[in-house]
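J.: This is structure38.txt, which holds compact mmCIF, C-alpha atoms:
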```
# COMPACT_ATOMS: atom_id res chain seq x y z
CA MET A 18 37.74 24.42 -18.02
CA LYS A 19 41.28 25.13 -16.88
CA THR A 20 42.30 23.36 -13.71
CA THR A 21 45.43 22.83 -11.70
CA HIS A 22 44.49 19.26 -10.79
CA GLU A 23 47.08 16.57 -11.28
CA GLN A 24 45.90 14.35 -14.11
CA ASP A 25 46.60 10.74 -15.03
CA TRP A 26 45.95 8.87 -18.26
CA ALA A 27 43.00 6.58 -18.86
CA LEU A 28 41.49 4.69 -21.75
CA LEU A 29 37.90 4.50 -22.97
CA VAL A 30 37.27 0.97 -24.23
CA PRO A 31 34.13 -0.23 -26.05
CA ASP A 32 32.19 -2.71 -23.94
CA ALA A 33 28.83 -4.22 -24.99
CA GLY A 34 27.42 -1.09 -26.55
CA SER A 35 28.84 1.31 -23.97
CA TRP A 36 32.30 2.49 -22.88
CA ARG A 37 34.28 1.49 -19.82
CA CYS A 38 37.18 3.44 -18.39
CA VAL A 39 40.52 1.78 -17.66
CA ALA A 40 43.36 3.49 -15.78
CA ILE A 41 46.65 3.14 -17.65
CA GLY A 42 49.23 3.46 -14.87
CA GLU A 43 52.76 2.96 -16.23
CA ARG A 44 51.87 0.48 -18.98
CA LEU A 45 48.92 -1.40 -20.39
CA VAL A 46 48.88 -4.33 -22.83
CA LEU A 47 45.80 -4.70 -25.03
CA GLY A 48 44.82 -7.83 -26.90
CA ARG A 49 42.61 -10.89 -27.06
CA ASP A 50 44.63 -13.08 -24.69
CA ARG A 51 43.31 -13.36 -21.12
CA THR A 52 46.74 -12.43 -19.76
CA CYS A 53 46.47 -8.93 -21.28
CA ASP A 54 45.59 -5.97 -19.06
CA VAL A 55 42.69 -5.06 -21.36
CA VAL A 56 40.96 -7.92 -23.13
CA LEU A 57 39.19 -7.01 -26.39
CA SER A 58 37.04 -9.11 -28.67
CA GLY A 59 37.12 -8.95 -32.45
CA ALA A 60 38.28 -11.03 -35.38
CA ASP A 61 41.16 -8.64 -36.13
CA ILE A 62 42.45 -8.37 -32.54
CA ASP A 63 45.69 -10.25 -31.93
CA ALA A 64 46.55 -12.11 -28.74
CA ARG A 65 48.93 -9.30 -27.70
CA HIS A 66 48.05 -6.43 -29.99
CA CYS A 67 49.70 -3.25 -28.67
CA ARG A 68 51.12 -1.65 -25.53
CA LEU A 69 50.45 1.76 -24.02
CA GLN A 70 53.05 3.20 -21.70
CA VAL A 71 53.47 6.40 -19.65
CA SER A 72 56.86 8.02 -19.13
CA GLY A 73 57.38 11.47 -17.67
CA GLY A 74 53.63 12.09 -17.81
CA ARG A 75 53.53 11.44 -21.57
CA LEU A 76 51.54 8.64 -23.16
CA SER A 77 52.78 6.60 -26.11
CA CYS A 78 51.87 3.39 -27.91
CA VAL A 79 53.77 0.64 -29.70
CA ASP A 80 52.40 -2.13 -31.88
CA LEU A 81 53.36 -5.66 -30.79
CA GLY A 82 53.57 -7.14 -34.25
CA SER A 83 49.82 -7.49 -34.76
CA ARG A 84 48.56 -8.80 -38.11
CA ALA A 85 45.71 -6.28 -38.46
CA GLY A 86 47.92 -3.45 -37.25
CA THR A 87 47.38 -0.48 -34.93
CA THR A 88 46.70 2.95 -36.43
CA LEU A 89 46.73 6.47 -35.01
CA ARG A 90 45.43 9.41 -37.08
CA GLY A 91 45.56 7.18 -40.14
CA GLN A 92 49.21 6.23 -39.60
CA ALA A 93 50.27 2.66 -38.90
CA LEU A 94 52.17 2.14 -35.66
CA THR A 95 55.33 0.05 -35.39
CA ALA A 96 57.53 -1.17 -32.55
CA ARG A 97 58.71 2.43 -32.23
CA ALA A 98 56.76 4.41 -29.62
CA MET A 99 54.24 6.89 -31.05
CA PRO A 100 53.10 9.75 -28.71
CA LEU A 101 49.38 10.21 -28.01
CA THR A 102 47.44 13.28 -26.96
CA CYS A 103 44.16 13.52 -25.07
CA GLY A 104 41.28 12.57 -27.34
CA ASP A 105 43.36 10.49 -29.74
CA VAL A 106 41.62 7.41 -31.16
CA LEU A 107 43.73 4.28 -31.48
CA ARG A 108 42.35 1.63 -33.81
CA LEU A 109 43.29 -1.95 -33.12
CA GLY A 110 42.27 -3.34 -36.46
CA ARG A 111 38.77 -1.85 -36.56
CA VAL A 112 38.26 -1.54 -32.79
CA PRO A 113 38.69 2.01 -31.42
CA VAL A 114 40.05 2.89 -27.99
CA ILE A 115 40.32 6.52 -26.84
CA ALA A 116 42.91 8.25 -24.68
CA VAL A 117 41.53 10.62 -22.02
CA ARG A 118 42.78 12.32 -18.87
CA SER A 119 41.52 11.28 -15.42
CA GLU A 120 41.77 12.76 -11.96
CA GLU A 121 40.08 12.82 -8.58
CA ARG A 122 38.09 16.01 -8.34
CA HIS A 123 36.26 16.91 -5.11
CA GLY A 124 35.89 13.30 -4.08
CA ALA A 125 34.84 11.87 -7.45
CA ALA A 126 36.59 10.22 -10.41
CA TRP A 127 36.59 12.79 -13.23
CA LEU A 128 37.33 12.24 -16.92
CA GLN A 129 38.47 15.17 -19.04
CA MET A 130 38.85 15.76 -22.78
CA GLY A 131 39.75 19.29 -23.78
CA ASP A 132 37.35 21.62 -21.96
CA LEU A 133 34.70 18.94 -21.46
CA GLY A 134 34.63 16.64 -18.46
CA SER A 135 32.37 14.65 -16.18
CA SER A 136 32.24 12.13 -13.36
CA HIS A 137 29.13 10.41 -14.71
CA PRO A 138 29.38 7.16 -16.73
CA GLN A 139 26.81 8.46 -19.24
CA MET A 140 29.28 11.14 -20.37
CA ARG A 141 31.79 8.49 -21.46
CA GLN A 142 29.53 7.88 -24.47
CA VAL A 143 29.59 11.62 -25.23
CA LEU A 144 33.38 11.95 -24.97
CA ALA A 145 33.89 8.86 -27.11
CA GLY A 146 31.37 10.08 -29.68
CA LEU A 147 33.09 13.46 -29.95
CA ALA A 148 36.52 11.85 -30.33
CA LEU A 149 35.23 9.57 -33.10
CA ALA A 150 33.47 12.50 -34.80
CA ALA A 151 36.69 14.53 -34.71
CA GLY A 152 38.48 11.81 -36.65
CA ALA A 153 35.87 11.88 -39.42
CA ASP A 154 34.91 14.70 -41.78
CA TRP A 155 31.14 14.25 -41.95
CA PRO A 156 28.44 16.70 -40.83
CA LEU A 157 27.65 16.36 -37.15
CA TRP A 158 24.47 17.19 -35.26
CA LEU A 159 24.87 18.02 -31.56
CA ALA A 160 21.57 17.59 -29.75
CA GLY A 161 20.85 18.86 -26.27
CA GLU A 162 19.14 21.44 -24.12
CA SER A 163 20.22 25.06 -23.94
CA GLY A 164 23.31 25.57 -21.78
CA CYS A 165 24.58 21.98 -21.81
CA GLY A 166 27.77 22.78 -23.76
CA LYS A 167 26.98 22.15 -27.44
CA GLU A 168 29.28 24.89 -28.75
CA LEU A 169 32.04 23.71 -26.39
CA ALA A 170 31.62 20.22 -27.84
CA ALA A 171 31.69 21.56 -31.40
CA ARG A 172 34.92 23.44 -30.72
CA LEU A 173 36.44 20.27 -29.28
CA VAL A 174 35.57 18.35 -32.45
CA HIS A 175 37.15 21.10 -34.57
CA THR A 176 40.37 21.34 -32.52
CA ARG A 177 40.77 17.56 -32.58
CA SER A 178 40.11 17.27 -36.34
CA ALA A 179 42.37 17.47 -39.38
CA ARG A 180 40.91 20.96 -39.98
CA ALA A 181 42.18 22.32 -36.64
CA SER A 182 44.67 24.69 -38.29
CA GLN A 183 41.99 26.13 -40.56
CA ALA A 184 39.16 28.57 -39.87
CA TRP A 185 36.49 28.13 -37.22
CA VAL A 186 33.30 30.14 -37.88
CA ALA A 187 30.19 30.09 -35.67
CA VAL A 188 26.78 31.48 -36.64
CA ASN A 189 23.74 31.76 -34.37
CA CYS A 190 20.87 31.07 -36.76
CA ALA A 191 18.29 32.34 -34.27
CA ALA A 192 19.81 35.84 -34.20
CA LEU A 193 19.38 36.63 -37.93
CA HIS A 194 16.41 36.68 -40.26
CA GLY A 195 15.49 37.22 -43.91
CA ASP A 196 18.11 38.58 -46.31
CA THR A 197 20.47 39.31 -43.41
CA LEU A 198 20.60 35.61 -42.52
CA LEU A 199 21.14 34.54 -46.15
CA ALA A 200 23.87 37.15 -46.56
CA GLU A 201 25.58 36.06 -43.34
CA LEU A 202 25.59 32.43 -44.43
CA PHE A 203 26.18 32.67 -48.18
CA GLY A 204 27.47 36.18 -48.81
CA ALA A 205 25.99 39.05 -50.83
CA ALA A 206 27.05 41.28 -53.69
CA ARG A 207 26.78 45.03 -53.26
CA GLY A 208 23.18 46.18 -53.66
CA ALA A 209 21.79 42.63 -53.42
CA TYR A 210 19.13 43.83 -50.95
CA THR A 211 18.07 47.04 -49.26
CA GLY A 212 20.83 48.33 -47.01
CA CYS A 213 23.57 46.17 -48.53
CA THR A 214 26.03 48.94 -49.41
CA GLU A 215 29.09 46.74 -49.93
CA ALA A 216 29.96 43.17 -50.87
CA ARG A 217 29.80 40.73 -47.98
CA ARG A 218 31.62 37.42 -47.55
CA GLY A 219 29.39 34.74 -46.11
CA ALA A 220 30.18 32.32 -43.32
CA PHE A 221 30.75 29.46 -45.79
CA GLU A 222 33.44 31.45 -47.62
CA ARG A 223 35.08 32.56 -44.38
CA ALA A 224 35.14 28.93 -43.18
CA ASP A 225 36.49 27.53 -46.46
CA GLY A 226 38.91 24.71 -45.60
CA GLY A 227 37.75 24.70 -41.98
CA THR A 228 34.65 24.21 -39.87
CA LEU A 229 31.31 26.05 -39.80
CA PHE A 230 29.20 25.72 -36.65
CA LEU A 231 25.50 26.49 -37.10
CA ASP A 232 23.95 26.99 -33.68
CA GLU A 233 20.15 26.75 -33.32
CA VAL A 234 19.88 25.37 -36.85
CA ALA A 235 16.18 24.59 -36.31
CA GLU A 236 15.48 28.33 -36.53
CA LEU A 237 16.51 28.54 -40.21
CA THR A 238 13.83 29.82 -42.58
CA PRO A 239 12.58 27.55 -45.41
CA ALA A 240 14.64 29.57 -47.93
CA ALA A 241 17.79 29.21 -45.85
CA GLN A 242 17.16 25.49 -45.41
CA ALA A 243 16.91 25.02 -49.18
CA ALA A 244 20.12 26.99 -49.77
CA LEU A 245 21.95 25.04 -47.05
CA LEU A 246 20.84 21.75 -48.59
CA ARG A 247 22.40 22.78 -51.90
CA VAL A 248 25.72 23.59 -50.26
CA LEU A 249 25.80 20.24 -48.47
CA GLU A 250 24.95 18.36 -51.67
CA SER A 251 27.26 20.13 -54.12
CA GLY A 252 29.67 22.29 -52.12
CA GLU A 253 28.42 25.30 -54.09
CA VAL A 254 27.38 28.56 -52.45
CA GLN A 255 25.01 30.90 -54.28
CA VAL A 256 26.00 34.43 -53.26
CA LEU A 257 23.00 36.78 -53.06
CA GLY A 258 23.08 38.85 -56.24
CA GLY A 259 26.41 37.31 -57.16
CA ALA A 260 28.15 34.26 -58.57
CA VAL A 261 28.23 30.64 -57.47
CA ARG A 262 31.36 29.76 -55.50
CA GLN A 263 32.84 26.41 -54.53
CA VAL A 264 33.72 25.81 -50.86
CA ASP A 265 35.17 22.99 -48.78
CA VAL A 266 33.57 23.23 -45.32
CA ARG A 267 32.70 20.76 -42.61
CA VAL A 268 29.33 21.66 -41.07
CA LEU A 269 28.62 21.08 -37.40
CA CYS A 270 25.17 22.05 -36.17
CA ALA A 271 23.31 22.20 -32.88
CA SER A 272 19.79 22.81 -31.70
CA HIS A 273 17.93 22.69 -28.40
CA ARG A 274 14.91 21.56 -30.42
CA ASP A 275 14.58 17.95 -31.56
CA LEU A 276 15.05 18.14 -35.33
CA ARG A 277 13.02 14.96 -35.85
CA GLN A 278 10.06 16.54 -34.07
CA GLU A 279 10.56 19.67 -36.18
CA VAL A 280 10.39 17.51 -39.31
CA ALA A 281 7.20 15.84 -38.07
CA ALA A 282 5.68 19.29 -37.45
CA GLY A 283 6.58 20.41 -40.98
CA ARG A 284 9.05 23.09 -39.87
CA PHE A 285 12.27 21.39 -40.97
CA ARG A 286 13.20 19.56 -44.16
CA LEU A 287 13.66 15.82 -43.86
CA ASP A 288 16.30 15.75 -46.61
CA LEU A 289 18.26 18.45 -44.79
CA LEU A 290 18.08 16.51 -41.53
CA HIS A 291 19.56 13.49 -43.28
CA ARG A 292 22.41 15.65 -44.58
CA LEU A 293 23.16 17.25 -41.22
CA SER A 294 22.90 14.17 -38.99
CA VAL A 295 25.39 11.86 -40.68
CA MET A 296 26.93 11.74 -37.20
CA GLU A 297 25.00 12.59 -34.03
CA VAL A 298 25.98 13.15 -30.42
CA ARG A 299 23.47 13.95 -27.68
CA LEU A 300 24.71 15.94 -24.70
CA PRO A 301 22.70 14.99 -21.59
CA PRO A 302 21.25 17.73 -19.38
CA LEU A 303 22.96 18.48 -16.10
CA ARG A 304 20.16 16.83 -14.08
CA GLU A 305 21.11 13.48 -15.69
CA ARG A 306 24.80 13.77 -14.81
CA GLY A 307 24.76 12.68 -11.17
CA ASP A 308 27.21 14.58 -8.97
CA ASP A 309 28.54 16.82 -11.77
CA ALA A 310 26.53 19.84 -10.58
CA ARG A 311 28.23 19.79 -7.18
CA ILE A 312 31.70 19.26 -8.63
CA LEU A 313 31.34 21.96 -11.29
CA LEU A 314 29.85 24.46 -8.83
CA GLN A 315 32.77 23.88 -6.46
CA GLU A 316 35.14 24.48 -9.39
CA PHE A 317 33.37 27.73 -10.30
CA LEU A 318 33.49 28.92 -6.67
CA GLY A 319 37.27 28.54 -6.41
CA ASP A 320 38.39 29.08 -2.79
CA LEU A 321 34.83 29.23 -1.43
CA ARG A 322 33.63 25.90 -0.09
CA LEU A 323 30.14 24.48 -0.48
CA PRO A 324 28.28 23.72 2.78
CA PRO A 325 27.35 20.20 3.95
CA GLY A 326 24.12 19.09 2.31
CA ALA A 327 24.80 21.07 -0.87
CA GLY A 328 24.90 17.93 -3.01
CA ALA A 329 21.36 16.94 -1.97
CA VAL A 330 20.03 20.43 -2.75
CA LEU A 331 21.69 20.53 -6.16
CA ALA A 332 20.52 17.01 -7.04
CA ARG A 333 16.89 18.06 -6.57
CA HIS A 334 17.04 21.10 -8.84
CA SER A 335 15.64 20.81 -12.37
CA TRP A 336 18.55 22.70 -14.05
CA GLY A 337 16.56 24.19 -16.91
CA GLY A 338 19.60 26.31 -17.86
CA ASN A 339 22.12 23.50 -17.29
CA VAL A 340 25.78 24.52 -16.88
CA ARG A 341 25.02 28.13 -17.83
CA GLU A 342 22.56 28.33 -14.94
CA LEU A 343 25.09 26.68 -12.63
CA ARG A 344 27.71 29.30 -13.49
CA ASN A 345 25.22 32.08 -12.72
CA ILE A 346 24.54 30.52 -9.31
CA ALA A 347 28.28 30.51 -8.60
CA ARG A 348 28.46 34.21 -9.48
CA ARG A 349 25.56 35.00 -7.14
CA LEU A 350 27.25 33.12 -4.31
CA GLN A 351 30.57 34.88 -4.91
CA SER A 352 28.79 38.23 -4.78
CA CYS A 353 26.48 37.58 -1.82
CA ALA A 354 28.39 35.27 0.54
CA MET A 355 30.01 38.09 2.52
CA TRP A 356 30.82 36.12 5.65
CA GLY A 357 33.06 33.54 4.02
CA ASP A 358 31.89 30.20 2.65
CA PRO A 359 28.22 30.19 1.53
CA THR A 360 25.65 28.68 3.85
CA LEU A 361 22.91 26.27 2.82
CA PRO A 362 20.21 28.99 2.95
CA GLU A 363 22.42 31.23 0.78
CA LEU A 364 22.82 28.39 -1.72
CA GLN A 365 19.06 27.83 -1.78
CA ALA A 366 18.45 31.53 -2.28
CA ALA A 367 20.97 31.63 -5.13
CA ILE A 368 19.30 28.71 -6.85
CA GLY A 369 15.96 30.53 -6.69
CA SER A 370 12.42 29.27 -7.02
CA GLY A 371 13.17 26.35 -9.34
CA MET A 372 13.81 23.92 -6.51
CA ALA A 373 11.86 20.67 -6.61
CA LEU A 374 12.56 19.12 -3.21
CA ALA A 375 11.42 15.73 -2.10
CA SER A 376 9.47 15.63 1.14
CA GLY A 377 11.12 14.39 4.32
CA VAL A 378 14.56 15.96 3.74
CA ALA A 379 14.68 18.32 6.70
CA ASP A 380 18.18 19.67 6.17
CA CYS A 381 17.45 20.63 2.57
CA VAL A 382 14.15 22.46 3.00
CA ALA A 383 14.34 26.19 2.24
CA PRO A 384 13.54 28.37 5.28
CA ARG A 385 10.07 29.89 5.42
CA PRO A 386 9.96 33.61 4.59
CA ALA A 387 9.67 35.95 7.56
CA PRO A 388 6.29 37.59 8.11
CA ALA A 389 5.80 40.86 6.28
CA GLY A 390 7.28 43.83 8.10
CA LEU A 391 9.82 41.83 10.11
CA PRO A 392 13.55 42.01 9.27
CA SER A 393 15.19 38.84 7.95
CA ALA A 394 17.63 36.87 10.10
CA ARG A 395 20.48 37.96 7.85
CA SER A 396 19.51 41.64 8.22
CA GLN A 397 19.30 41.26 11.99
CA ASP A 398 22.74 39.65 12.05
CA ARG A 399 24.25 42.53 10.10
CA ARG A 400 22.63 45.18 12.29
CA GLN A 401 23.95 43.30 15.32
CA VAL A 402 27.45 43.39 13.83
CA VAL A 403 27.22 47.11 13.12
CA ALA A 404 25.86 47.82 16.61
CA SER A 405 28.61 45.84 18.33
CA LEU A 406 31.36 47.43 16.23
CA LEU A 407 30.15 50.92 17.08
CA GLY A 408 30.81 50.14 20.72
CA SER A 409 34.24 48.57 20.22
CA ALA A 410 35.80 50.42 17.29
CA SER A 411 37.63 53.70 17.80
CA SER A 412 35.76 55.43 14.97
CA THR A 413 32.99 54.94 12.44
CA SER A 414 35.56 54.44 9.66
CA GLU A 415 37.26 51.73 11.71
CA ALA A 416 33.89 50.03 12.28
CA LEU A 417 33.27 50.13 8.53
CA ARG A 418 36.65 48.50 7.87
CA GLN A 419 36.13 45.75 10.44
CA SER A 420 32.59 44.95 9.23
CA GLY A 421 33.67 43.97 5.72
CA LEU A 422 30.37 45.33 4.42
CA PRO A 423 30.04 47.53 1.33
CA ARG A 424 30.09 51.21 2.32
CA GLY A 425 26.47 51.86 1.33
CA THR A 426 25.23 48.75 3.16
CA PHE A 427 27.16 49.66 6.32
CA PHE A 428 25.79 53.18 6.53
CA ARG A 429 22.24 51.96 5.84
CA TYR A 430 22.45 49.66 8.87
CA LEU A 431 24.21 52.38 10.85
CA LYS A 432 21.27 54.69 10.24
CA GLU A 433 18.83 52.00 11.44
CA VAL A 434 20.93 51.32 14.55
CA ARG A 435 21.03 54.98 15.52
CA ALA A 436 17.31 55.43 14.82
CA GLN A 437 16.42 52.52 17.16
CA PRO A 438 19.09 52.51 19.90
CA MET A 439 17.04 50.50 22.38
CA GLN A 440 15.97 47.68 20.05
CA ALA A 441 17.29 44.25 20.85
CA PHE A 442 19.04 42.53 18.01
```
What is this structure when it is put down as structure tokens?
T.:
Amino acid sequence: MKTTHEQDWALLVPDAGSWRCVAIGERLVLGRDRTCDVVLSGADIDARHCRLQVSGGRLSCVDLGSRAGTTLRGQALTARAMPLTCGDVLRLGRVPVIAVRSEERHGAAWLQMGDLGSSHPQMRQVLAGLALAAGADWPLWLAGESGCGKELAARLVHTRSARASQAWVAVNCAALHGDTLLAELFGAARGAYTGCTEARRGAFERADGGTLFLDEVAELTPAAQAALLRVLESGEVQVLGGAVRQVDVRVLCASHRDLRQEVAAGRFRLDLLHRLSVMEVRLPPLRERGDDARILLQEFLGDLRLPPGAGAVLARHSWGGNVRELRNIARRLQSCAMWGDPTLPELQAAIGSGMALASGVADCVAPRPAPAGLPSARSQDRRQVVASLLGSASSTSEALRQSGLPRGTFFRYLKEVRAQPMQAF
């Protein structure tokens, strides 16, 4: 997500099985000594191991003469400053620390890496996992519900990897079936199957040297699973009706289904799961990310402001579609909030029937529907506006301009007003 927020630098530091975030400021000394700004444990951590410093908004690191050394992208650091970018993994001996961007966004502390960000501590594990996966070259399985950003995470891993300058190819395994799926993945010679009128390069060949992202990998047929297993084991692709070809591809995969449950149900190969899940990152659903729904919705809305109480309404929604659903809600609000900032009832209406509200929260309860045959409060308000403008504006066209309503909507209410001139609004 592109933002204009002013960002600072921060560091993700391993801490008892999780990750804590440390603001860098102008400089930060890391080491084992208690006088250091960040104290790390480990046999290969020196008393004063390295120093991070910020100058002109740019982050750099110098090694302080440590015995185990400090490395960045496989290169040993010296006393000369080495620049860092967001998502870089510094290794102090064997201990990794990760550079990220931080900012205050809509009243919350927000961490950002590429196009992924969050204010929730649980997402620190995700960002760290993606940064570590980007520095490796093993297959990666991204687990998570539909709409929680698995392809965005896969792209981040690719752009932060050593293969970033090479091809990126994405295939939705759920959209193809039979010979078409095999041809899309592995290629096909002319006439290999009915309707194949010309030779076709498969996704593995197109991604040679780069990254192949297999979305919804659980939908692969048994034949496609067997062929994929062969590629992962040997690097050889069997073209349909053609020759065997050697490829060098890193495979990233994702599925909204739990692959382990698919294996238990007999729908997915256990040996293939072991090949695909050398590394694994689970993206949590939006409902587990605290205040992220409110912050992201405010970002999507731009200049429109959420009403008071919006956070409580959003926190009680199940978010079956995750961030994709949230973006759709923002689009509905942008289209329907004609009188300026959206109101709480408009937000509730945009969210729809999936609300799961706790009892006793009076300001968050959706209004009861009006009895059949009676106009809604919003309709009455608009008719009142049209009626008042007819009396004050110099012409119908001027009333239309002042109302701010779409032309068709204005004239529909105008017709109702003129048909019932004595009705009280």
J.: Expressed in Å to a single decimal, how great is the separation between atom CA of Leu173 of chain A and atom CA of Ala150 of chain A?
T.: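 One can read the atom CA of Leu173 of chain A to atom CA of Ala150 of chain A distance as 10.0 Å.
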J.: Which residue, A:Val56, A:Leu276, A:Leu245, A:Val117, has the smallest gap to Asp25 of chain A when you use all atoms listed in the file?
T.: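 Closest to Asp25 of chain A of all the choices is A:Val117.
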J.: With 6 Å as the cut-off and only C-alpha atoms counted, what is the closest atom pair between each nearby residue of segment 208-303 of chain A and segment 175-186 of chain A? Distances in Å to one decimal, ordered by chain and number, as JSON lines.
T.:
```
{"residue": "A:Ala224", "atom": "CA", "partner": "A:Ala184", "partner_atom": "CA", "distance": 5.2}
{"residue": "A:Gly227", "atom": "CA", "partner": "A:Ala184", "partner_atom": "CA", "distance": 4.6}
{"residue": "A:Thr228", "atom": "CA", "partner": "A:Trp185", "partner_atom": "CA", "distance": 5.1}
{"residue": "A:Leu229", "atom": "CA", "partner": "A:Val186", "partner_atom": "CA", "distance": 4.9}
```
J.: Residues within 7 Å of segment 29-40 of chain A, please, as a ChimeraX atom specification. Count all atoms listed in the file; anything in the same chain fewer than 2 positions from it doesn't count.
T.: /A:26-27,42,114-116,141-142
J.: Go ahead and write the residues just picked, C-alpha atoms, as an mmCIF file, in the coordinates of the input.
T.:
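For reference, out_24.cif as written:
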```cif
data_model
loop_
_atom_site.group_PDB
_atom_site.id
_atom_site.type_symbol
_atom_site.label_atom_id
_atom_site.label_comp_id
_atom_site.auth_asym_id
_atom_site.auth_seq_id
_atom_site.Cartn_x
_atom_site.Cartn_y
_atom_site.Cartn_z
ATOM 1 C CA TRP A 26 45.950 8.870 -18.260
ATOM 2 C CA ALA A 27 43.000 6.580 -18.860
ATOM 3 C CA GLY A 42 49.230 3.460 -14.870
ATOM 4 C CA VAL A 114 40.050 2.890 -27.990
ATOM 5 C CA ILE A 115 40.320 6.520 -26.840
ATOM 6 C CA ALA A 116 42.910 8.250 -24.680
ATOM 7 C CA ARG A 141 31.790 8.490 -21.460
ATOM 8 C CA GLN A 142 29.530 7.880 -24.470
#
```
J.: List every protein, DNA or RNA residue with an atom no more than 6 Å from (33.4, 12.5, -10.0) in the file's coordinates, counting all atoms listed in the file, and format the result as a PyMOL selection string.
T.: chain A and resi 125-127+136
